[in-house]
Amino acid sequence: MISCLLIQISRNPQGLPVRKESTVTGESIQIGRSAPCKIHLLDHRVNLLHATIRRSEDGKLYVEGEKDATITINGFIEQSTALSPGTHIEIGPYLLVVEPAQDGHDIGLSVEMTQPLPEQDTAKTGWAAPVTLAGLGLSKRKLGFGLAVCVLFIFLLLPMLPNASSTFDKWQSALPVTLTESWSPGPLSGGHSVLGSKCSTCHQRAFRPVSDDACVGCHKQVAKHLAKEDLHASAFKNMRCTSCHQDHGGEAGLVLHDSSICVTCHGAIKKKNAGTVLADAHDFGTDHPSFHITLLDGKKAIRIRQDEKEKLVEKSGLKYSHQVHLNKKGISTPQGDTIMVCKDCHKIDEAGTHFAPMTMKETCQQSRCHKLYFALPVDGVVPHGSEREAMGRVREYYAKWLADSPGQNMVACKHAGGAGSSAKRTLECANDLSKKFAAETLFRKSGEDLECGVCHEIEPTGDSDVPWKVAPLQINRDWQPGAVFPHSRHGAINCTECHDKMNSKTSSEIAMPDIKKCRECHVGDHSAKGKIRSTCDSCHRFHQGAKKASNSNSR
Amino acid sequence: MDMMQHATLLKYNNYRYLKASSLLMAIAVAAYISVDAASEHSFGGTRLGYALGIVSTLIMFLLMWYGIAKRRTPRVPDRRQHQECAGNKHNNGDTQAVFSAQQKVERRRCPVKKSWRYGGTLQGWLSAHVYLGILLIVLASLHAGFQFGWNVHTLSYVLMLLVIASGFYGMYAYLNYPRQITQNMASDTLGDLLLKIAELDELARIRALGLPDDVNTLVLKARRETRLGGSLFQQLIGCQRDCPTALAVQQVQELGKKYINDEQPKLMRDLYSVLLHKQKLVLRARNEIMLKARLGGWLYLHVPLSIALLAALIAHIVAIFFYW
C-alpha cells in the first residue's frame with residue numbers, strides 16, 4: 001500500500017502558488033488522463049494511462065512510464081526512476097516534484113501545470129496565423145517606394161555620374177556593363193559603335209541637344225549641301241546634323257530617309273532661292289521634274305531637259321555605231337565573227353555606280369581589232385595617240401624602206417637625183433612619201449578601215465610636219481551628276497531595257513532613260529505593291545555639293 | 001459585384017470613356033501609320049513620338065490620380081451635406097432612427113455632388129481608369145515605335161504593362177469574387193467562423209480526453225496543425241496539403257469502426273460530428289481567406305509597380321533630355 005500526499009499547485013491572478021493538498025492511496029498509483037487514474041491529469045497531452053508509481057521489492061518507491069508514453073526525469077527522458085525528494089517528473093504539460101514524506105505519507109508529490117495549451121490563449125485573441133492580407137504587415141506604399149528608390153538609383157543617379165567627371169566616365173566606359181548603358185535607346189550605328197558607352201563624345205553638354213560641332217569635330221571632310229555659304233546658312237539655320245542623322249538605330253543606320261525634310265525646301269524651292277534653276281519636287285512617284293542631262297559643250301557643262309530632244313546631241317568627237325558593233329549576227333574580228341555585248345566595252349567601276357573609262361588599247365584593240373596596221377607600200381603599225389607620233393612612225397618606216405633598197409625605192413621620190421647627201425635625200429624622200437601616204441590613207445576623212453577618220457573628226461593644221469589634227473574626244477561618263485545611279489544594283493535587267501542603243505548609228509545619239517522608265521519600277525515615299533519605295537536620298541546625296549560633269553578623254 | 005454594378009462600371013455614362021479612349025486610339029494609330037510610312041526611325045524622338053509621349057504621361061498621371069481621388073471622394077455623403085440639402089429640416093432634437101430613415105430618402109433626392117473638388121464620382125473615375133489604362137498600351141507602344149531594348153525606356157514600358165496586366169486581373173477580381181464571397185459566407189463573417197472553429201476545437205478536445213490515445217492524438221494534431229491563412233502565398237492558394245482536420249475526420253470514422261464495441265461509441269460519434277462540422281467551417285474560412293486575398297492581393301503588385309513606374313518614367317524623361 002502506498003500513501004501519497006498530492007499537492008496540486010495553481011497560480012492566483014498575481015502569479016503566486018496556491019497549494020491544495022489531498023491524499024491518494026493504493027497498491028500502485030496510476031497517473032493518466034483516464035478517470036480511474038488516481039492522479040488524474042486532464043489534458044489530452046497526457047495518455048489515458050501515462051505512468052504508475054509502484055513499490056519495489058526493497059520497499060523503495062519508483063515511477064515507471066507506460067508503453068508509448070514519454071516521461072522526463074530531471075530533464076532526461078527515462079522509462080523509470082526511483083523517487084527521492086527533489087526529483088522532477090514531467091508528464092505532458094505537468095510538472096511533478098517529489099517532496100519529503102510528511103504526516104505518515106510514503107511520499108509527497110506536487111503537481112503543477114507548467115505548459116498550458118497555447119490554443120487556449122489564442123482562442124481569446126484570434127487565430128495564430130494571419131488570415132487577411134493586412135495581417136501580413138505588408139505595405140504597398142513601402143514596397144512601392146522601395147522599388148522606386150532602387151529604380152531612381154540604378155537608372156537615374158548612376159547614369160548621371162559619368163557626366164560629372166571625365167576620369168570617371170573613362171573608367172566606367174571600360175566596365176563590362178556600363179552605368180550609362182541603361183539610357184541608350186538602341187545600339188549605335190556603324191562606325192559610331194567604336195565610341196562604346198562614352199556618351200559624352202557626342203552628348204557634350206547635359207540637357208543640350210547634340211551640337212553640329214560635335215559631329216564636325218570628327219567629320220571634317222563632309223561637304224555642305226549648298227556651295228554658297230550665306231545661302232546655306234539661311235536655308236539651314238533651324239536645322240542641325242541630327243535633324244537628318246539620328247543614331248541609336250543600330251543596323252537601321254544613321255541617315256533619316258525621310259523625304260519630308262527635303263520637301264520643306266524643294267517643294268517650293270523658289271521661295272528659298274529665287275535665282276535657282278531647279279524645279280519644285282515633292283515625291284519621286286508623283287511630283288518630280290523631268291530629268292536633266294548634263295552635256296559637255298567644250299569645257300563647259302550644260303544641263304538640257306530630257307524632253308528637249310533636239311538639243312540632246314552629244315559632241316564627243318567620236319564616230320561610233322552601236323548598231324554595227326551590237327549586230328546580233330556578230331561582227332567580223334581577227335577571231336572570226338563575234339557577237340558583242342555591252343559589257344565587252346562598258347565595264348562597271350569598283351564603286352558600282354559608273355563605268356571605267358574606255359581606252360583604245362584596252363577596249364578597242366584588246367581583241368586585235370583596230371590594231372591600225374598599214375601595208376602600202378610598207379608594212380607597219382601606227383601607234384594610237386598623238387598625231388606627231390603617228391607621223392614620226394610612218395616616216396621611220398619609209399626611211400627604213402628607202403635605206404634598205406635605195407636604188408629601187410628612191411625612184412618613187414622626186415629627190416632621187418637631187419643635190420645633197422644621200423642620207424639627207426633619203427630623209428627628205430621619206431618625209432614626202434609619209435605625208436603623201438598619210439594624206440591618202442591615215443588622215444583621209446572617209447574611206448576604208450584602219451583610217452583615223454573612221455572614228456575621229458580630222459582637221460588640217462597647216463603645220464608642215466603634222467599637217468592634220470584629230471579632234472579631241474569628250475566621252476561623257478556622268479550624264480546626271482546630281483544623282484546617284486548604282487548600275488551594280490540594276491544588274492538583273494538588260495542594259496538595253498533602259499538604254500536603247502541597238503539601232504544607234506552615231507555616237508551623237510543619247511540613250512538615257514527618262515523618268516517614266518524609272519517609275520515603271522520605282523515609286524516615291526509611299527510604298528506600293530510590286531514597286532520599290534524611293535525617297536529623295538535614294539538618288540540624291542545631300543552632302544555632295546555642286547557636282548560637275550566628268551568626262552574621259554580617250555585617245 | 002452583380003451584373004448591374006458590372007454594367008455601371010464599364011457602361012458608365014453611356015460608355016463615355018470607351019468612346020473617348022477609342023477616339024484617341026484611332027487618332028494615334030492613324031497618325032502613326034501616316035507618319036511611319038515615310039520614316040524608318042520611329043522612336044519617341046519624332047514630333048509624333050513626343051506628342052504620344054506627352055499624352056501617355058498625362059494619362060499615366062491621371063490614372064495614378066485615381067488612387068488619390070479614391071480616398072478624397074466620400075463614399076457616403078456626410079451628414080452636414082444632407083442637412084444642407086434638406087434645408088436644415090433635421091435638427092439636433094431628431095432621434096437617430098428618424099434621421100437614418102430620412103437620410104436614405106434625402107440621399108436619393110440629393111446625389112453625391114460632382115464637384116471638381118472630388119473630381120467626379122468614384123465610378124466615373126474607375127470607368128475612366130479602366131479604359132484609359134487600355135488606351136495607354138496602344139499609345140505607349142506607338143510612342144516606342146515598337147522598338148525595345150535592355151534600357152530604362154523599355155523598363156518603363158514593361159512596368160507599365162505589368163501594372164496594366166495586374167489592373168486587368170483586378171477588374172476580373174472585382175467583377176467575380178464579391179459574388180463568390182457572398183455565396184460562401186452568407187451572413188457569417190470570418191471572425192464568426194474562427195470563433196466557431198476555436199469552440200469546436202475545444203469541444204473536440206474535451207470529447208477526446210476520454211477516448212483512446214490514438215484518437216486523442218488525431219484531435220490534438222487537427223487542432224494544432226490545421227492552418228488557416230498564413231503567408232501571402234498560402235492565403236492565395238486557400239488550401240492545406242494533407243489538412244489534419246480532414247485527416248482526423250477520415251481516420252476518426254475508421255477508428256469508430258475499430259472501437260465499435262468499446263464502451264464509448266457515443267463519444268466517438270459525437271467527436272466525429274464535431275470534427276466534420278469543423279472541417280466544413282475550415283473549408284469555408286479558407287475559401288473566404290482565399291477570395292479576399294485574391295480580391296485584394298493584386299493591389300500588392302498594382303500599387304508598388306505603379307510607384308516604381310512613376311520613378312522609371314522620371315528616369316526615362318530625364319535620360320531623354322539629359323543626353324538630348
# chains A, B, ... in the order shown; residues from 1 in each chain; ligands from 1

$ closest_atom_pairs --of "chain B" --to "chain A" --cutoff "6 Å" --atoms "only C-alpha atoms" --output "Markdown table"
| residue | atom | partner | partner_atom | distance |
| --- | --- | --- | --- | --- |
| B:Ala38 | CA | A:Asp258 | CA | 5.7 |
| B:Ser39 | CA | A:Asp258 | CA | 5.4 |
| B:Asn151 | CA | A:Ser182 | CA | 4.1 |
| B:Val152 | CA | A:Ser182 | CA | 5.3 |
| B:Leu209 | CA | A:His44 | CA | 5.4 |
| B:Asp213 | CA | A:Asn47 | CA | 5.9 |
| B:Gly229 | CA | A:Val131 | CA | 4.1 |
| B:Gly230 | CA | A:Ala129 | CA | 5.0 |
| B:Tyr300 | CA | A:Lys140 | CA | 5.5 |
| B:Pro304 | CA | A:Gly144 | CA | 3.4 |
| B:Ile307 | CA | A:Gly144 | CA | 5.1 |
| B:Ala308 | CA | A:Ala148 | CA | 4.2 |
| B:Ala311 | CA | A:Ala148 | CA | 5.2 |
| B:Ala315 | CA | A:Leu156 | CA | 5.0 |
| B:Phe321 | CA | A:Phe207 | CA | 5.2 |
| B:Phe322 | CA | A:Phe207 | CA | 4.3 |
| B:Tyr323 | CA | A:His203 | CA | 5.6 |
| B:Trp324 | CA | A:Pro209 | CA | 4.6 |

$ write_last_selection --atoms "C-alpha atoms" --output "short mmCIF file (atom, residue, chain, number, x, y, z; two decimals), in the first residue's frame"
data_model
loop_
_atom_site.label_atom_id
_atom_site.label_comp_id
_atom_site.auth_asym_id
_atom_site.auth_seq_id
_atom_site.Cartn_x
_atom_site.Cartn_y
_atom_site.Cartn_z
CA ALA B 38 7.85 57.76 -94.62
CA SER B 39 10.22 57.13 -91.76
CA ASN B 151 17.26 50.03 -71.14
CA VAL B 152 15.32 52.30 -68.82
CA LEU B 209 -10.00 13.34 -23.43
CA ASP B 213 -4.75 7.87 -27.19
CA GLY B 229 -4.40 31.87 -43.60
CA GLY B 230 -0.65 32.18 -43.31
CA TYR B 300 0.21 44.48 -53.81
CA PRO B 304 4.02 49.23 -55.81
CA ILE B 307 5.06 53.83 -57.91
CA ALA B 308 8.08 52.11 -59.46
CA ALA B 311 10.17 56.51 -60.87
CA ALA B 315 14.30 58.39 -65.19
CA PHE B 321 16.68 65.27 -72.19
CA PHE B 322 19.91 64.81 -70.25
CA TYR B 323 21.54 63.25 -73.31
CA TRP B 324 19.35 65.04 -75.82
#

$ select_by_dssp --residues "range 191-317 of chain B" --states "helix (DSSP H, G or I)" --output "PyMOL selection string"
chain B and resi 191-209+213-225+232-237+244-258+265-297+299-317

$ residues_around --residues "range 233-240 of chain B" --least-positions-apart "5" --cutoff "7 Å" --atoms "only C-alpha atoms" --output "list in words"
Arg227, Arg286, Asn287, Ile289, Met290, Ala293 and Arg294 of chain B

$ atom_distance --atom1 "CA of Val98 in chain A" --atom2 "CA of Ser110 in chain A"
6.6 Å

$ closest_residue --among "A:Pro13, A:Gly385, A:Gly59, A:Pro472" --to "Ser316 in chain A" --atoms "only C-alpha atoms"
A:Pro472

$ residues_around --residues "range 70-80 of chain A" --least-positions-apart "5" --cutoff "6 Å" --atoms "only C-alpha atoms" --output "list in words"
Val63, Glu64, Gly65, His88, Ile89, Glu90 and Ile91 of chain A

$ write_last_selection --atoms "N, CA and C atoms" --output "PDB file, in the first residue's frame"
ATOM      1  N   VAL A  63       8.799   5.325 -10.074  1.00  0.00           N
ATOM      2  CA  VAL A  63       7.787   5.633 -11.079  1.00  0.00           C
ATOM      3  C   VAL A  63       8.211   4.988 -12.396  1.00  0.00           C
ATOM      4  N   GLU A  64       7.242   4.457 -13.106  1.00  0.00           N
ATOM      5  CA  GLU A  64       7.543   3.765 -14.363  1.00  0.00           C
ATOM      6  C   GLU A  64       6.587   4.253 -15.455  1.00  0.00           C
ATOM      7  N   GLY A  65       7.121   4.654 -16.545  1.00  0.00           N
ATOM      8  CA  GLY A  65       6.298   5.118 -17.665  1.00  0.00           C
ATOM      9  C   GLY A  65       5.664   3.944 -18.377  1.00  0.00           C
ATOM     10  N   HIS A  88      12.290  15.778 -10.320  1.00  0.00           N
ATOM     11  CA  HIS A  88      11.317  16.463 -11.190  1.00  0.00           C
ATOM     12  C   HIS A  88      10.841  15.492 -12.256  1.00  0.00           C
ATOM     13  N   ILE A  89       9.547  15.327 -12.303  1.00  0.00           N
ATOM     14  CA  ILE A  89       8.980  14.426 -13.328  1.00  0.00           C
ATOM     15  C   ILE A  89       8.050  15.250 -14.208  1.00  0.00           C
ATOM     16  N   GLU A  90       8.313  15.242 -15.507  1.00  0.00           N
ATOM     17  CA  GLU A  90       7.436  15.968 -16.437  1.00  0.00           C
ATOM     18  C   GLU A  90       6.590  14.976 -17.192  1.00  0.00           C
ATOM     19  N   ILE A  91       5.289  15.137 -17.037  1.00  0.00           N
ATOM     20  CA  ILE A  91       4.328  14.289 -17.764  1.00  0.00           C
ATOM     21  C   ILE A  91       3.420  15.217 -18.552  1.00  0.00           C
TER      22      ILE A  91
END

$ select_by_dssp --residues "range 34-242 of chain A" --states "strand (DSSP E or B)" --output "PyMOL selection string"
chain A and resi 39-40+51-55+61-65+71-73+76-78+80-82+88-91+94-99+107-113

$ write_last_selection --atoms "C-alpha atoms" --output "PDB file, in the first residue's frame"
ATOM      1  CA  ILE A  39      -3.548  11.101 -10.148  1.00  0.00           C
ATOM      2  CA  HIS A  40      -5.921  12.365 -12.829  1.00  0.00           C
ATOM      3  CA  ALA A  51       2.825   6.272 -15.685  1.00  0.00           C
ATOM      4  CA  THR A  52       2.494   4.287 -12.467  1.00  0.00           C
ATOM      5  CA  ILE A  53       4.116   4.661  -9.026  1.00  0.00           C
ATOM      6  CA  ARG A  54       4.957   1.302  -7.532  1.00  0.00           C
ATOM      7  CA  ARG A  55       6.886  -0.039  -4.602  1.00  0.00           C
ATOM      8  CA  LEU A  61       9.061   3.755  -4.479  1.00  0.00           C
ATOM      9  CA  TYR A  62       9.695   4.235  -8.161  1.00  0.00           C
ATOM     10  CA  VAL A  63       7.787   5.633 -11.079  1.00  0.00           C
ATOM     11  CA  GLU A  64       7.543   3.765 -14.363  1.00  0.00           C
ATOM     12  CA  GLY A  65       6.298   5.118 -17.665  1.00  0.00           C
ATOM     13  CA  ILE A  71       8.215  10.886 -19.115  1.00  0.00           C
ATOM     14  CA  THR A  72      11.089  13.208 -18.391  1.00  0.00           C
ATOM     15  CA  ILE A  73      13.022  12.750 -15.169  1.00  0.00           C
ATOM     16  CA  PHE A  76      16.166  13.427 -19.226  1.00  0.00           C
ATOM     17  CA  ILE A  77      13.747  11.123 -20.960  1.00  0.00           C
ATOM     18  CA  GLU A  78      13.702   7.899 -18.965  1.00  0.00           C
ATOM     19  CA  SER A  80      11.572   4.623 -14.820  1.00  0.00           C
ATOM     20  CA  THR A  81      13.345   6.035 -11.835  1.00  0.00           C
ATOM     21  CA  ALA A  82      13.381   5.784  -8.063  1.00  0.00           C
ATOM     22  CA  HIS A  88      11.317  16.463 -11.190  1.00  0.00           C
ATOM     23  CA  ILE A  89       8.980  14.426 -13.328  1.00  0.00           C
ATOM     24  CA  GLU A  90       7.436  15.968 -16.437  1.00  0.00           C
ATOM     25  CA  ILE A  91       4.328  14.289 -17.764  1.00  0.00           C
ATOM     26  CA  TYR A  94       2.511  18.842 -15.948  1.00  0.00           C
ATOM     27  CA  LEU A  95       5.495  19.047 -13.636  1.00  0.00           C
ATOM     28  CA  LEU A  96       5.514  16.620 -10.714  1.00  0.00           C
ATOM     29  CA  VAL A  97       8.043  17.285  -7.951  1.00  0.00           C
ATOM     30  CA  VAL A  98       8.771  14.703  -5.234  1.00  0.00           C
ATOM     31  CA  GLU A  99       8.666  16.292  -1.816  1.00  0.00           C
ATOM     32  CA  ILE A 107       5.676  10.260  -0.434  1.00  0.00           C
ATOM     33  CA  GLY A 108       4.702  13.820  -1.199  1.00  0.00           C
ATOM     34  CA  LEU A 109       4.067  14.836  -4.783  1.00  0.00           C
ATOM     35  CA  SER A 110       3.332  18.366  -6.001  1.00  0.00           C
ATOM     36  CA  VAL A 111       1.576  18.687  -9.377  1.00  0.00           C
ATOM     37  CA  GLU A 112       1.502  21.881 -11.400  1.00  0.00           C
ATOM     38  CA  MET A 113       0.547  22.574 -14.979  1.00  0.00           C
TER      39      MET A 113
END

$ residues_around --residues "Lys170 in chain A" --least-positions-apart "2" --cutoff "12 Å" --atoms "only C-alpha atoms" --output "list in words"
Leu161, Pro162, Asn163, Ala164, Ser165, Ser166, Thr167, Phe168, Gln172, Ser173, Ala174, Leu175, Thr178, Leu179, Thr180, Leu195, Gly196, Ser197, Lys198, Cys199, Ser200 and Thr201 of chain A

$ atom_distance --atom1 "CA of Ser386 in chain A" --atom2 "CA of Met410 in chain A"
28.3 Å

$ closest_residue --among "B:Ala285, B:Ile68, B:Ala312, B:Leu23" --to "Leu195 in chain B" --atoms "only C-alpha atoms"
B:Ala285
